[in-house]
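Student: CSV, C-alpha atoms and all ligand atoms, saved as start-v3.csv, coming up:
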chain,number,residue,atom,x,y,z
H,278,MET,CA,0.8,-5.8,35.7
H,279,THR,CA,-0.5,-4.9,32.2
H,280,ALA,CA,2.4,-4.4,29.7
H,281,THR,CA,2.0,-1.2,27.8
H,282,HIS,CA,3.8,0.2,24.7
H,283,SER,CA,3.6,3.7,23.4
H,284,THR,CA,4.6,4.6,19.9
H,285,ARG,CA,4.3,7.3,17.3
H,286,MET,CA,3.4,4.7,14.7
H,287,LEU,CA,1.6,1.4,15.3
H,288,ILE,CA,1.3,-1.0,12.4
H,289,LEU,CA,-1.2,-3.9,12.4
H,290,GLY,CA,-0.1,-6.7,10.1
H,291,SER,CA,3.2,-8.1,8.9
H,292,GLY,CA,2.6,-8.8,5.2
H,293,PRO,CA,4.2,-6.8,2.4
H,294,ALA,CA,2.1,-3.7,3.3
H,295,GLY,CA,2.8,-3.7,7.0
H,296,LEU,CA,6.5,-4.4,6.7
H,297,SER,CA,7.1,-1.8,3.9
H,298,ALA,CA,5.3,0.7,6.1
H,299,ALA,CA,7.6,-0.4,9.0
H,300,ILE,CA,10.8,0.0,6.9
H,301,TYR,CA,9.9,3.5,5.7
H,302,GLY,CA,8.6,4.5,9.2
H,303,ALA,CA,11.7,3.3,10.9
H,304,ARG,CA,13.9,5.1,8.5
H,305,ALA,CA,11.9,8.3,9.2
H,306,GLY,CA,12.8,7.9,12.9
H,307,LEU,CA,9.3,7.0,14.0
H,308,ALA,CA,10.4,3.7,15.8
H,309,PRO,CA,7.3,1.8,14.6
H,310,ILE,CA,5.8,-1.1,16.4
H,311,VAL,CA,4.4,-3.9,14.2
H,312,VAL,CA,1.8,-6.1,15.7
H,313,GLN,CA,2.2,-9.2,13.6
H,314,GLY,CA,-1.2,-10.7,13.8
H,315,MET,CA,-2.4,-14.3,13.5
H,316,GLN,CA,-0.4,-15.1,10.4
H,317,PRO,CA,3.1,-13.4,10.7
H,318,GLY,CA,4.3,-12.6,7.2
H,319,GLY,CA,0.7,-12.7,5.8
H,320,GLN,CA,-0.6,-14.5,2.8
H,321,LEU,CA,2.8,-14.9,1.1
H,322,THR,CA,3.8,-17.3,3.8
H,323,ILE,CA,1.3,-19.8,2.5
H,324,THR,CA,2.4,-19.3,-1.1
H,325,THR,CA,5.3,-21.2,-2.7
H,326,ASP,CA,6.8,-19.9,-5.9
H,327,VAL,CA,6.8,-16.1,-6.5
H,328,GLU,CA,7.8,-15.1,-10.0
H,329,ASN,CA,6.4,-11.6,-10.2
H,330,TYR,CA,8.0,-9.7,-7.3
H,331,PRO,CA,10.5,-7.3,-8.9
H,332,GLY,CA,14.2,-7.7,-8.3
H,333,PHE,CA,14.6,-11.4,-8.5
H,334,ARG,CA,15.4,-13.0,-11.9
H,335,ASP,CA,14.8,-16.6,-10.5
H,336,VAL,CA,11.8,-17.9,-8.8
H,337,ILE,CA,11.7,-17.1,-5.1
H,338,GLN,CA,9.7,-18.6,-2.2
H,339,GLY,CA,6.9,-16.5,-0.5
H,340,PRO,CA,8.0,-17.4,3.1
H,341,TRP,CA,11.6,-16.5,2.2
H,342,LEU,CA,10.6,-13.1,0.8
H,343,MET,CA,8.7,-12.3,4.0
H,344,GLU,CA,11.6,-13.3,6.1
H,345,GLN,CA,13.8,-10.9,4.2
H,346,MET,CA,11.2,-8.1,4.6
H,347,GLN,CA,11.0,-8.7,8.3
H,348,ALA,CA,14.8,-8.8,8.7
H,349,GLN,CA,15.1,-5.5,6.8
H,350,ALA,CA,12.4,-3.9,8.9
H,351,GLU,CA,14.0,-5.0,12.2
H,352,HIS,CA,17.4,-4.0,10.9
H,353,VAL,CA,16.3,-0.4,10.4
H,354,GLY,CA,14.6,-0.2,13.8
H,355,ALA,CA,11.1,-1.5,13.7
H,356,GLN,CA,9.9,-3.6,16.7
H,357,MET,CA,7.9,-6.8,16.1
H,358,MET,CA,5.3,-7.9,18.5
H,359,TYR,CA,3.9,-11.4,18.3
H,360,ASP,CA,0.4,-10.4,19.2
H,361,GLN,CA,-3.1,-10.1,17.8
H,362,ILE,CA,-5.2,-7.0,18.4
H,363,ILE,CA,-8.6,-7.7,19.9
H,364,ASP,CA,-9.9,-4.3,20.8
H,365,VAL,CA,-9.5,-0.8,19.3
H,366,ASP,CA,-10.5,2.6,20.6
H,367,LEU,CA,-10.0,5.3,18.0
H,368,SER,CA,-12.3,7.8,19.7
H,369,GLU,CA,-9.5,9.7,21.4
H,370,ARG,CA,-5.8,10.4,21.2
H,371,PRO,CA,-3.6,8.6,21.6
H,372,PHE,CA,-5.4,5.6,20.0
H,373,ARG,CA,-5.7,2.7,22.4
H,374,LEU,CA,-5.5,-0.9,21.3
H,375,LYS,CA,-5.5,-4.1,23.3
H,376,GLY,CA,-3.7,-7.3,22.3
H,377,ASP,CA,-4.7,-10.9,22.8
H,378,SER,CA,-1.7,-11.1,25.2
H,379,GLY,CA,-3.3,-8.4,27.4
H,380,THR,CA,-0.7,-5.8,26.3
H,381,LEU,CA,-2.0,-2.3,25.7
H,382,TYR,CA,-0.7,-0.2,22.8
H,383,TYR,CA,-1.0,3.6,22.7
H,384,ALA,CA,-0.3,5.2,19.4
H,385,ASP,CA,-0.3,8.6,17.7
H,386,SER,CA,-0.9,7.0,14.3
H,387,LEU,CA,-2.1,3.7,13.1
H,388,VAL,CA,-1.5,1.8,9.9
H,389,ILE,CA,-4.0,-1.0,9.3
H,390,ALA,CA,-2.4,-3.6,7.1
H,391,THR,CA,-4.3,-6.7,8.3
H,392,GLY,CA,-4.7,-8.1,4.8
H,393,ALA,CA,-7.4,-10.6,3.8
H,394,GLN,CA,-8.3,-14.2,4.6
H,395,ALA,CA,-9.5,-17.1,2.4
H,396,LYS,CA,-13.3,-17.2,1.8
H,397,TRP,CA,-15.3,-20.4,2.2
H,398,LEU,CA,-18.3,-21.6,0.1
H,399,GLY,CA,-20.7,-22.2,3.0
H,400,ALA,CA,-21.7,-25.5,1.5
H,401,GLU,CA,-23.0,-28.3,3.7
H,402,GLY,CA,-20.2,-30.4,5.3
H,403,GLU,CA,-17.5,-27.7,4.6
H,404,GLN,CA,-17.0,-26.5,8.1
H,405,LEU,CA,-17.4,-30.0,9.6
H,406,LEU,CA,-14.7,-31.5,7.4
H,407,GLN,CA,-12.2,-28.6,7.6
H,408,GLY,CA,-8.9,-30.2,8.5
H,409,LYS,CA,-10.4,-33.6,7.6
H,410,GLY,CA,-10.0,-33.3,3.8
H,411,VAL,CA,-11.4,-29.7,3.3
H,412,SER,CA,-8.8,-27.0,3.2
H,413,ALA,CA,-8.2,-23.4,1.8
H,414,CYS,CA,-4.5,-23.7,1.4
H,415,ALA,CA,-2.9,-26.2,-0.9
H,416,THR,CA,0.6,-25.2,-0.1
H,417,CYS,CA,-0.1,-25.8,3.6
H,418,ASP,CA,-2.0,-29.1,3.3
H,419,GLY,CA,-1.2,-30.5,-0.2
H,420,PHE,CA,1.5,-32.7,1.3
H,421,PHE,CA,-1.1,-34.8,3.0
H,422,TYR,CA,-2.6,-35.9,-0.3
H,423,ARG,CA,0.5,-37.6,-1.8
H,424,GLY,CA,-0.8,-40.1,-4.3
H,425,LYS,CA,-4.4,-39.3,-3.6
H,426,LYS,CA,-7.3,-37.7,-5.5
H,427,VAL,CA,-7.9,-34.0,-5.0
H,428,VAL,CA,-10.2,-31.3,-6.2
H,429,VAL,CA,-9.8,-27.5,-6.3
H,430,ILE,CA,-12.8,-25.2,-6.4
H,431,GLY,CA,-12.5,-21.8,-8.1
H,432,GLY,CA,-11.5,-20.2,-11.3
H,433,GLY,CA,-9.1,-17.4,-10.4
H,434,ASN,CA,-5.3,-17.2,-10.1
H,435,THR,CA,-5.3,-18.8,-6.7
H,436,ALA,CA,-7.4,-21.8,-7.8
H,437,VAL,CA,-5.2,-22.4,-10.9
H,438,GLU,CA,-2.0,-22.0,-8.9
H,439,GLU,CA,-3.2,-24.4,-6.2
H,440,ALA,CA,-4.2,-27.0,-8.9
H,441,LEU,CA,-0.7,-26.7,-10.4
H,442,TYR,CA,0.9,-26.9,-7.1
H,443,LEU,CA,-1.0,-30.0,-6.1
H,444,THR,CA,0.4,-31.9,-9.0
H,445,ASN,CA,3.6,-32.1,-7.0
H,446,HIS,CA,1.8,-34.5,-4.7
H,447,SER,CA,-1.1,-35.9,-6.7
H,448,HIS,CA,-1.5,-37.2,-10.2
H,449,ASP,CA,-5.3,-36.8,-10.1
H,450,VAL,CA,-6.2,-33.2,-9.7
H,451,THR,CA,-9.6,-31.8,-10.8
H,452,LEU,CA,-10.5,-28.1,-11.0
H,453,ILE,CA,-14.2,-27.4,-10.4
H,454,HIS,CA,-15.5,-24.1,-11.7
H,455,ARG,CA,-19.0,-22.6,-11.6
H,456,ARG,CA,-18.7,-21.1,-15.1
H,457,ASP,CA,-17.2,-22.2,-18.5
H,458,SER,CA,-14.2,-19.9,-18.5
H,459,LEU,CA,-11.5,-19.0,-16.0
H,460,ARG,CA,-10.6,-15.6,-14.7
H,461,ALA,CA,-7.0,-16.6,-14.0
H,462,GLU,CA,-4.1,-15.0,-16.0
H,463,LYS,CA,-3.7,-16.6,-19.5
H,464,ILE,CA,-0.2,-17.9,-18.7
H,465,LEU,CA,-1.5,-19.8,-15.8
H,466,GLN,CA,-4.5,-21.1,-17.8
H,467,GLN,CA,-2.1,-22.4,-20.5
H,468,ARG,CA,-0.1,-24.3,-17.9
H,469,LEU,CA,-3.2,-25.7,-16.4
H,470,PHE,CA,-4.8,-26.9,-19.7
H,471,ALA,CA,-1.4,-28.4,-20.8
H,472,HIS,CA,-0.9,-30.4,-17.6
H,473,PRO,CA,-1.5,-34.1,-18.0
H,474,HIS,CA,-2.6,-34.7,-14.4
H,475,ILE,CA,-5.2,-31.9,-14.2
H,476,LYS,CA,-8.8,-32.0,-15.6
H,477,VAL,CA,-11.4,-29.3,-15.4
H,478,LEU,CA,-15.1,-29.7,-14.6
H,479,TRP,CA,-17.0,-26.7,-16.1
H,480,ASN,CA,-20.3,-25.2,-14.9
H,481,GLN,CA,-20.2,-27.1,-11.6
H,482,ALA,CA,-21.1,-25.8,-8.1
H,483,VAL,CA,-20.3,-27.8,-4.9
H,484,ASP,CA,-23.6,-28.6,-3.2
H,485,ARG,CA,-22.2,-30.7,-0.3
H,486,PHE,CA,-18.9,-32.0,1.0
H,487,VAL,CA,-19.5,-35.6,1.8
H,488,GLY,CA,-17.8,-37.3,4.8
H,489,GLY,CA,-17.3,-41.0,5.5
H,490,GLY,CA,-15.0,-43.5,7.2
H,491,ASP,CA,-13.9,-43.8,10.8
H,492,PRO,CA,-12.4,-41.4,11.8
H,493,GLU,CA,-14.6,-39.3,9.5
H,494,GLY,CA,-12.9,-37.6,6.5
H,495,LEU,CA,-13.9,-36.3,3.2
H,496,VAL,CA,-14.8,-39.0,0.7
H,497,GLY,CA,-16.4,-36.9,-2.1
H,498,VAL,CA,-18.3,-33.9,-3.2
H,499,ASP,CA,-21.9,-33.6,-4.5
H,500,LEU,CA,-22.1,-31.2,-7.5
H,501,ILE,CA,-24.8,-29.3,-9.3
H,502,ASP,CA,-24.5,-28.3,-12.9
H,503,THR,CA,-25.0,-24.5,-12.9
H,504,VAL,CA,-26.6,-24.6,-16.4
H,505,THR,CA,-28.7,-27.8,-16.4
H,506,GLY,CA,-29.3,-28.3,-12.7
H,507,HIS,CA,-28.1,-31.9,-13.1
H,508,LYS,CA,-26.7,-33.4,-9.9
H,509,SER,CA,-23.6,-35.6,-9.7
H,510,HIS,CA,-21.0,-36.9,-7.3
H,511,ILE,CA,-17.3,-37.3,-7.5
H,512,GLU,CA,-15.1,-39.1,-5.1
H,513,THR,CA,-12.1,-37.3,-3.7
H,514,ASP,CA,-9.7,-37.4,-0.7
H,515,GLY,CA,-9.1,-33.7,-0.5
H,516,ALA,CA,-11.0,-30.5,-1.5
H,517,PHE,CA,-9.2,-27.1,-1.7
H,518,VAL,CA,-11.5,-24.1,-1.7
H,519,ALA,CA,-9.9,-21.2,-3.6
H,520,ILE,CA,-12.6,-18.7,-4.3
H,521,GLY,CA,-11.1,-15.5,-3.1
H,522,HIS,CA,-10.5,-13.6,0.1
H,523,GLN,CA,-12.3,-11.6,2.7
H,524,PRO,CA,-10.5,-8.5,4.2
H,525,ALA,CA,-9.7,-8.7,7.9
H,526,THR,CA,-11.6,-5.7,9.1
H,527,GLU,CA,-13.9,-7.1,11.8
H,528,LEU,CA,-12.2,-4.9,14.4
H,529,PHE,CA,-13.2,-1.8,12.6
H,530,VAL,CA,-16.9,-2.4,11.9
H,531,ASP,CA,-18.8,0.8,12.9
H,532,LYS,CA,-15.5,2.5,13.5
H,533,LEU,CA,-14.3,3.1,9.9
H,534,PRO,CA,-16.2,3.3,6.6
H,535,MET,CA,-16.0,0.2,4.5
H,536,ASP,CA,-17.1,-1.1,1.1
H,537,GLU,CA,-17.9,-4.9,1.1
H,538,GLY,CA,-15.6,-5.1,4.1
H,539,TYR,CA,-12.7,-3.3,2.5
H,540,LEU,CA,-11.6,-0.1,4.3
H,541,LEU,CA,-12.2,3.0,2.3
H,542,VAL,CA,-9.4,5.4,1.8
H,543,GLU,CA,-9.2,8.9,0.3
H,544,LYS,CA,-8.4,8.6,-3.4
H,545,GLY,CA,-4.7,8.6,-4.1
H,546,THR,CA,-3.8,8.3,-0.4
H,547,THR,CA,-3.9,5.8,2.4
H,548,ARG,CA,-6.0,8.1,4.7
H,549,THR,CA,-9.1,6.7,6.2
H,550,ALA,CA,-12.0,8.8,7.6
H,551,ILE,CA,-10.2,9.2,11.0
H,552,PRO,CA,-7.1,11.5,10.9
H,553,GLY,CA,-4.0,9.5,11.9
H,554,VAL,CA,-5.5,6.2,10.8
H,555,PHE,CA,-4.2,4.8,7.5
H,556,ALA,CA,-4.9,1.6,5.6
H,557,ALA,CA,-2.6,-0.2,3.2
H,558,GLY,CA,-2.6,-3.4,1.2
H,559,ASP,CA,-5.3,-6.1,0.7
H,560,VAL,CA,-7.4,-4.7,3.6
H,561,SER,CA,-8.3,-1.7,1.4
H,562,ASP,CA,-7.6,-2.9,-2.1
H,563,LYS,CA,-10.0,-5.2,-3.8
H,564,VAL,CA,-8.6,-4.5,-7.3
H,565,TYR,CA,-4.9,-5.2,-7.5
H,566,ARG,CA,-4.2,-7.4,-4.4
H,567,GLN,CA,-0.6,-8.1,-5.3
H,568,ALA,CA,2.5,-8.3,-3.0
H,569,VAL,CA,4.1,-5.5,-4.9
H,570,THR,CA,1.0,-3.2,-4.8
H,571,ALA,CA,0.6,-3.9,-1.1
H,572,ALA,CA,4.3,-3.0,-0.5
H,573,GLY,CA,3.7,0.2,-2.5
H,574,MET,CA,0.7,1.1,-0.4
H,575,GLY,CA,2.7,0.4,2.8
H,576,CYS,CA,5.3,2.9,1.6
H,577,MET,CA,2.5,5.4,0.9
H,578,ALA,CA,1.0,4.8,4.4
H,579,ALA,CA,4.4,5.6,6.1
H,580,LEU,CA,4.8,8.8,4.1
H,581,ASP,CA,1.2,9.8,5.0
H,582,VAL,CA,2.0,9.0,8.6
H,583,GLU,CA,5.1,11.1,8.5
H,584,LYS,CA,3.2,14.1,7.1
H,585,PHE,CA,0.4,13.7,9.5
H,586,LEU,CA,2.7,13.6,12.6
H,587,ALA,CA,4.7,16.5,11.3
H,588,GLU,CA,1.5,18.6,11.1
H,589,ALA,CA,-0.2,17.3,14.2
H,590,ASP,CA,-1.0,19.7,17.0
H,591,PHE,CA,-1.4,17.2,19.8
H,592,GLU,CA,1.3,16.1,22.3
H,593,ALA,CA,3.3,13.0,21.1
H,594,VAL,CA,2.6,9.9,23.1
H,595,ALA,CA,6.3,8.7,22.9
H,596,ALA,CA,9.6,10.5,22.3
H,597,GLU,CA,10.8,10.3,18.7
I,601,LIG,P1,-10.5,-14.2,-7.5
I,601,LIG,O1,-11.5,-13.3,-6.9
I,601,LIG,O2,-9.7,-13.7,-8.6
I,601,LIG,O3,-11.2,-15.5,-8.0
I,601,LIG,C1,-12.2,-16.2,-7.3
I,601,LIG,C2,-12.7,-17.3,-8.1
I,601,LIG,O4,-13.6,-18.1,-7.3
I,601,LIG,C3,-13.5,-16.9,-9.3
I,601,LIG,O5,-13.2,-17.7,-10.4
I,601,LIG,C4,-14.9,-17.0,-8.8
I,601,LIG,O6,-15.8,-17.4,-9.9
I,601,LIG,C5,-14.8,-18.2,-7.9
I,601,LIG,N1,-15.9,-18.1,-6.8
I,601,LIG,C6,-16.1,-17.0,-6.0
I,601,LIG,N2,-17.1,-17.3,-5.2
I,601,LIG,C7,-17.5,-18.5,-5.5
I,601,LIG,C8,-18.5,-19.4,-5.0
I,601,LIG,N3,-19.3,-19.0,-4.0
I,601,LIG,N4,-18.7,-20.6,-5.5
I,601,LIG,C9,-17.9,-21.0,-6.5
I,601,LIG,N5,-16.9,-20.3,-7.1
I,601,LIG,C10,-16.7,-19.0,-6.5
I,601,LIG,O7,-9.7,-14.7,-6.3
I,601,LIG,P2,-8.2,-15.3,-6.2
I,601,LIG,O8,-8.0,-15.6,-4.8
I,601,LIG,O9,-8.0,-16.3,-7.2
I,601,LIG,O10,-7.3,-14.0,-6.6
I,601,LIG,C11,-7.4,-12.9,-5.8
I,601,LIG,C12,-6.4,-11.8,-6.4
I,601,LIG,O11,-5.1,-12.2,-6.1
I,601,LIG,C13,-6.5,-11.6,-7.9
I,601,LIG,O12,-6.4,-10.3,-8.2
I,601,LIG,C14,-5.4,-12.5,-8.4
I,601,LIG,O13,-4.9,-12.0,-9.6
I,601,LIG,C15,-4.4,-12.3,-7.3
I,601,LIG,N6,-3.4,-13.4,-7.2
I,601,LIG,C16,-2.3,-13.3,-7.9
I,601,LIG,C17,-1.4,-14.3,-7.9
I,601,LIG,C18,-0.1,-14.1,-8.7
I,601,LIG,O14,0.0,-13.1,-9.3
I,601,LIG,N7,0.8,-15.1,-8.7
I,601,LIG,C19,-1.6,-15.6,-7.2
I,601,LIG,C20,-2.9,-15.6,-6.5
I,601,LIG,C21,-3.8,-14.5,-6.6
I,601,LIG,P3,-16.2,-16.4,-11.1
I,601,LIG,O15,-15.0,-16.4,-12.0
I,601,LIG,O16,-17.4,-17.1,-11.7
I,601,LIG,O17,-16.5,-15.1,-10.4
Would you encode the structure as structure tokens?
Tutor:
Amino acid sequence: MTATHSTRMLILGSGPAGLSAAIYGARAGLAPIVVQGMQPGGQLTITTDVENYPGFRDVIQGPWLMEQMQAQAEHVGAQMMYDQIIDVDLSERPFRLKGDSGTLYYADSLVIATGAQAKWLGAEGEQLLQGKGVSACATCDGFFYRGKKVVVIGGGNTAVEEALYLTNHSHDVTLIHRRDSLRAEKILQQRLFAHPHIKVLWNQAVDRFVGGGDPEGLVGVDLIDTVTGHKSHIETDGAFVAIGHQPATELFVDKLPMDEGYLLVEKGTTRTAIPGVFAAGDVSDKVYRQAVTAAGMGCMAALDVEKFLAEADFEAVAAE
């Protein structure tokens, strides 16, 4: 028999946005259900040090922070579902969603907080060598490169943080960037430039990830100088692609308006084009993309849900 759950407030995603929405929604008596998604806890679970989340004088760990948020959400009454939504029908009320587990979810309101995922370069060999030397997460895979040579591709905060993190494992880290200046925060840049085990290759684009050996693994990358067009090759055991993120909105294509894949919300709110459907965090924010801004938007979404349900003229799907 198909399992079904009915709720006044369904939340997709369990990063800072989803869990903050859950905490506020639960405290408002809406008994929210959180469908955790592919990566419970979201992107912070693949981060190490967090120094900029308010409330902690000392450095904290991303996975620990997310455990605390989940524990708090459950403590105040939110229900966590270890499931991944694969189908959404927003054309009638209650909204109807189907999980990978086969479970059906009926909801009077929906908060989309599905976050974003790492982007790939699309260069030759990248896909083939994923898990064999090519990765998008230094904190997940850096350990495997102890004493080996690694490169990081990108010039933003993520790339610089990954390069710094990798020095815990490797004494030969090269940052490869397509321009001659970084967009990462100045404090991170200073740490990067001062680090004795990191060098930077400027104006270089990766043309190809080169495999070799048996079993096959990454042995190097072919580069092209973005100014001169000069081609070169460097040997490496690991390559970490850190060039930004793609919002996780595939489920809502042709259902909700988007801009470059980011869900559009009404200015100053979390309201999408469909009444009762709200978006919070990285899935709708391509500007700030911080844990603390995502948490703030999660709070806004819960307050928007509360107001929406209070004014709604349809019959509630589940008792409050
Ligand atoms: P960003 O979008 O900030 O940076 C992406 C980098 O990748 C840029 O340097 C860009 O180059 C480069 N890039 C993009 N596409 C390509 C490509 N096809 N080939 C080569 N290089 C490419 O993404 P991040 O993931 O670094 O950061 C995302 C957001 O998260 C930012 O707002 C950041 O501040 C935040 N963040 C904050 C952290 C913190 O506060 N501790 C930690 C990590 C992220 P170019 O510069 O030429 O455009």
Student: Within 7 Å of ligand LIG 601 (chain I) (counting all atoms listed in the file), which residues show up? I'd like them as a list in words.
Tutor: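 With all atoms listed in the file and a cut-off of 7 Å, ligand LIG 601 (chain I) is contacted by Val327, Asn329, Leu398, Ile430, Gly431, Gly432, Gly433, Asn434, Thr435, Ala436, Glu438, His454, Arg455, Arg456, Leu459, Arg460, Ala461, Ala482, Ala519, Ile520, Gly521, His522, Val564, Tyr565, Arg566 and Gln567 of chain H.
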Student: Can you tell me, as a ChimeraX atom specification, what residues are no more than 10 Å from Asp366 (chain H) when counting all atoms listed in the file, ignoring any on the same chain fewer than 2 positions away?
Tutor: /H:364,368-375,383,528-529,532
Student: What is the distance, in Å and to one decimal place, between CA of Ala579 (chain H) and CA of Pro293 (chain H)?
Tutor: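 Those two atoms sit 12.9 Å apart.
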Student: Just the residues within 12 Å of region 331-341 of chain H, please, counting all atoms listed in the file, with nothing from its chain fewer than 5 positions along; format it as a list in words.
Tutor: Ser291, Gly292, Pro293, Gln316, Pro317, Gly318, Gly319, Gln320, Leu321, Thr322, Ile323, Thr324, Thr325, Asp326, Met346, Gln347, Ala348, Thr416, Cys417, Gln567, Ala568, Val569, Thr570, Ala572 and Gly573 of chain H
Student: Separation of CA of Lys584 (chain H) and CA of Leu540 (chain H), in Å?
Tutor: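 Computing the Euclidean distance for CA of Lys584 (chain H) and CA of Leu540 (chain H) yields 20.7 Å.
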Student: How would you write as number ranges by chain the residues that get within 9 Å of (-14.3, -35.7, 1.7) in the file's frame, counting all atoms listed in the file?
Tutor: H: 402, 406, 409-411, 486-489, 493-498, 512-516
Student: If I take CA of Val312 (chain H) and CA of Gly419 (chain H), how far is one from the other in Å, to one decimal?
Tutor: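 Between these atoms lies a distance of 29.3 Å.
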Student: Taking 4 positions as the minimum chain separation for residues in the same chain, which residues sit within 8 Å of Ser283 (chain H) when counting only C-alpha atoms? Answer as an MDAnalysis selection string.
Tutor: chainID H and resid 382:384 594:595
Student: Take the selection from the previous step and output its residues with C-alpha atoms, as a PDB file, keeping the file's coordinate frame.
Tutor:
ATOM      1  CA  TYR H 382      -0.700  -0.200  22.800  1.00  0.00           C
ATOM      2  CA  TYR H 383      -1.000   3.600  22.700  1.00  0.00           C
ATOM      3  CA  ALA H 384      -0.300   5.200  19.400  1.00  0.00           C
ATOM      4  CA  VAL H 594       2.600   9.900  23.100  1.00  0.00           C
ATOM      5  CA  ALA H 595       6.300   8.700  22.900  1.00  0.00           C
TER       6      ALA H 595
END
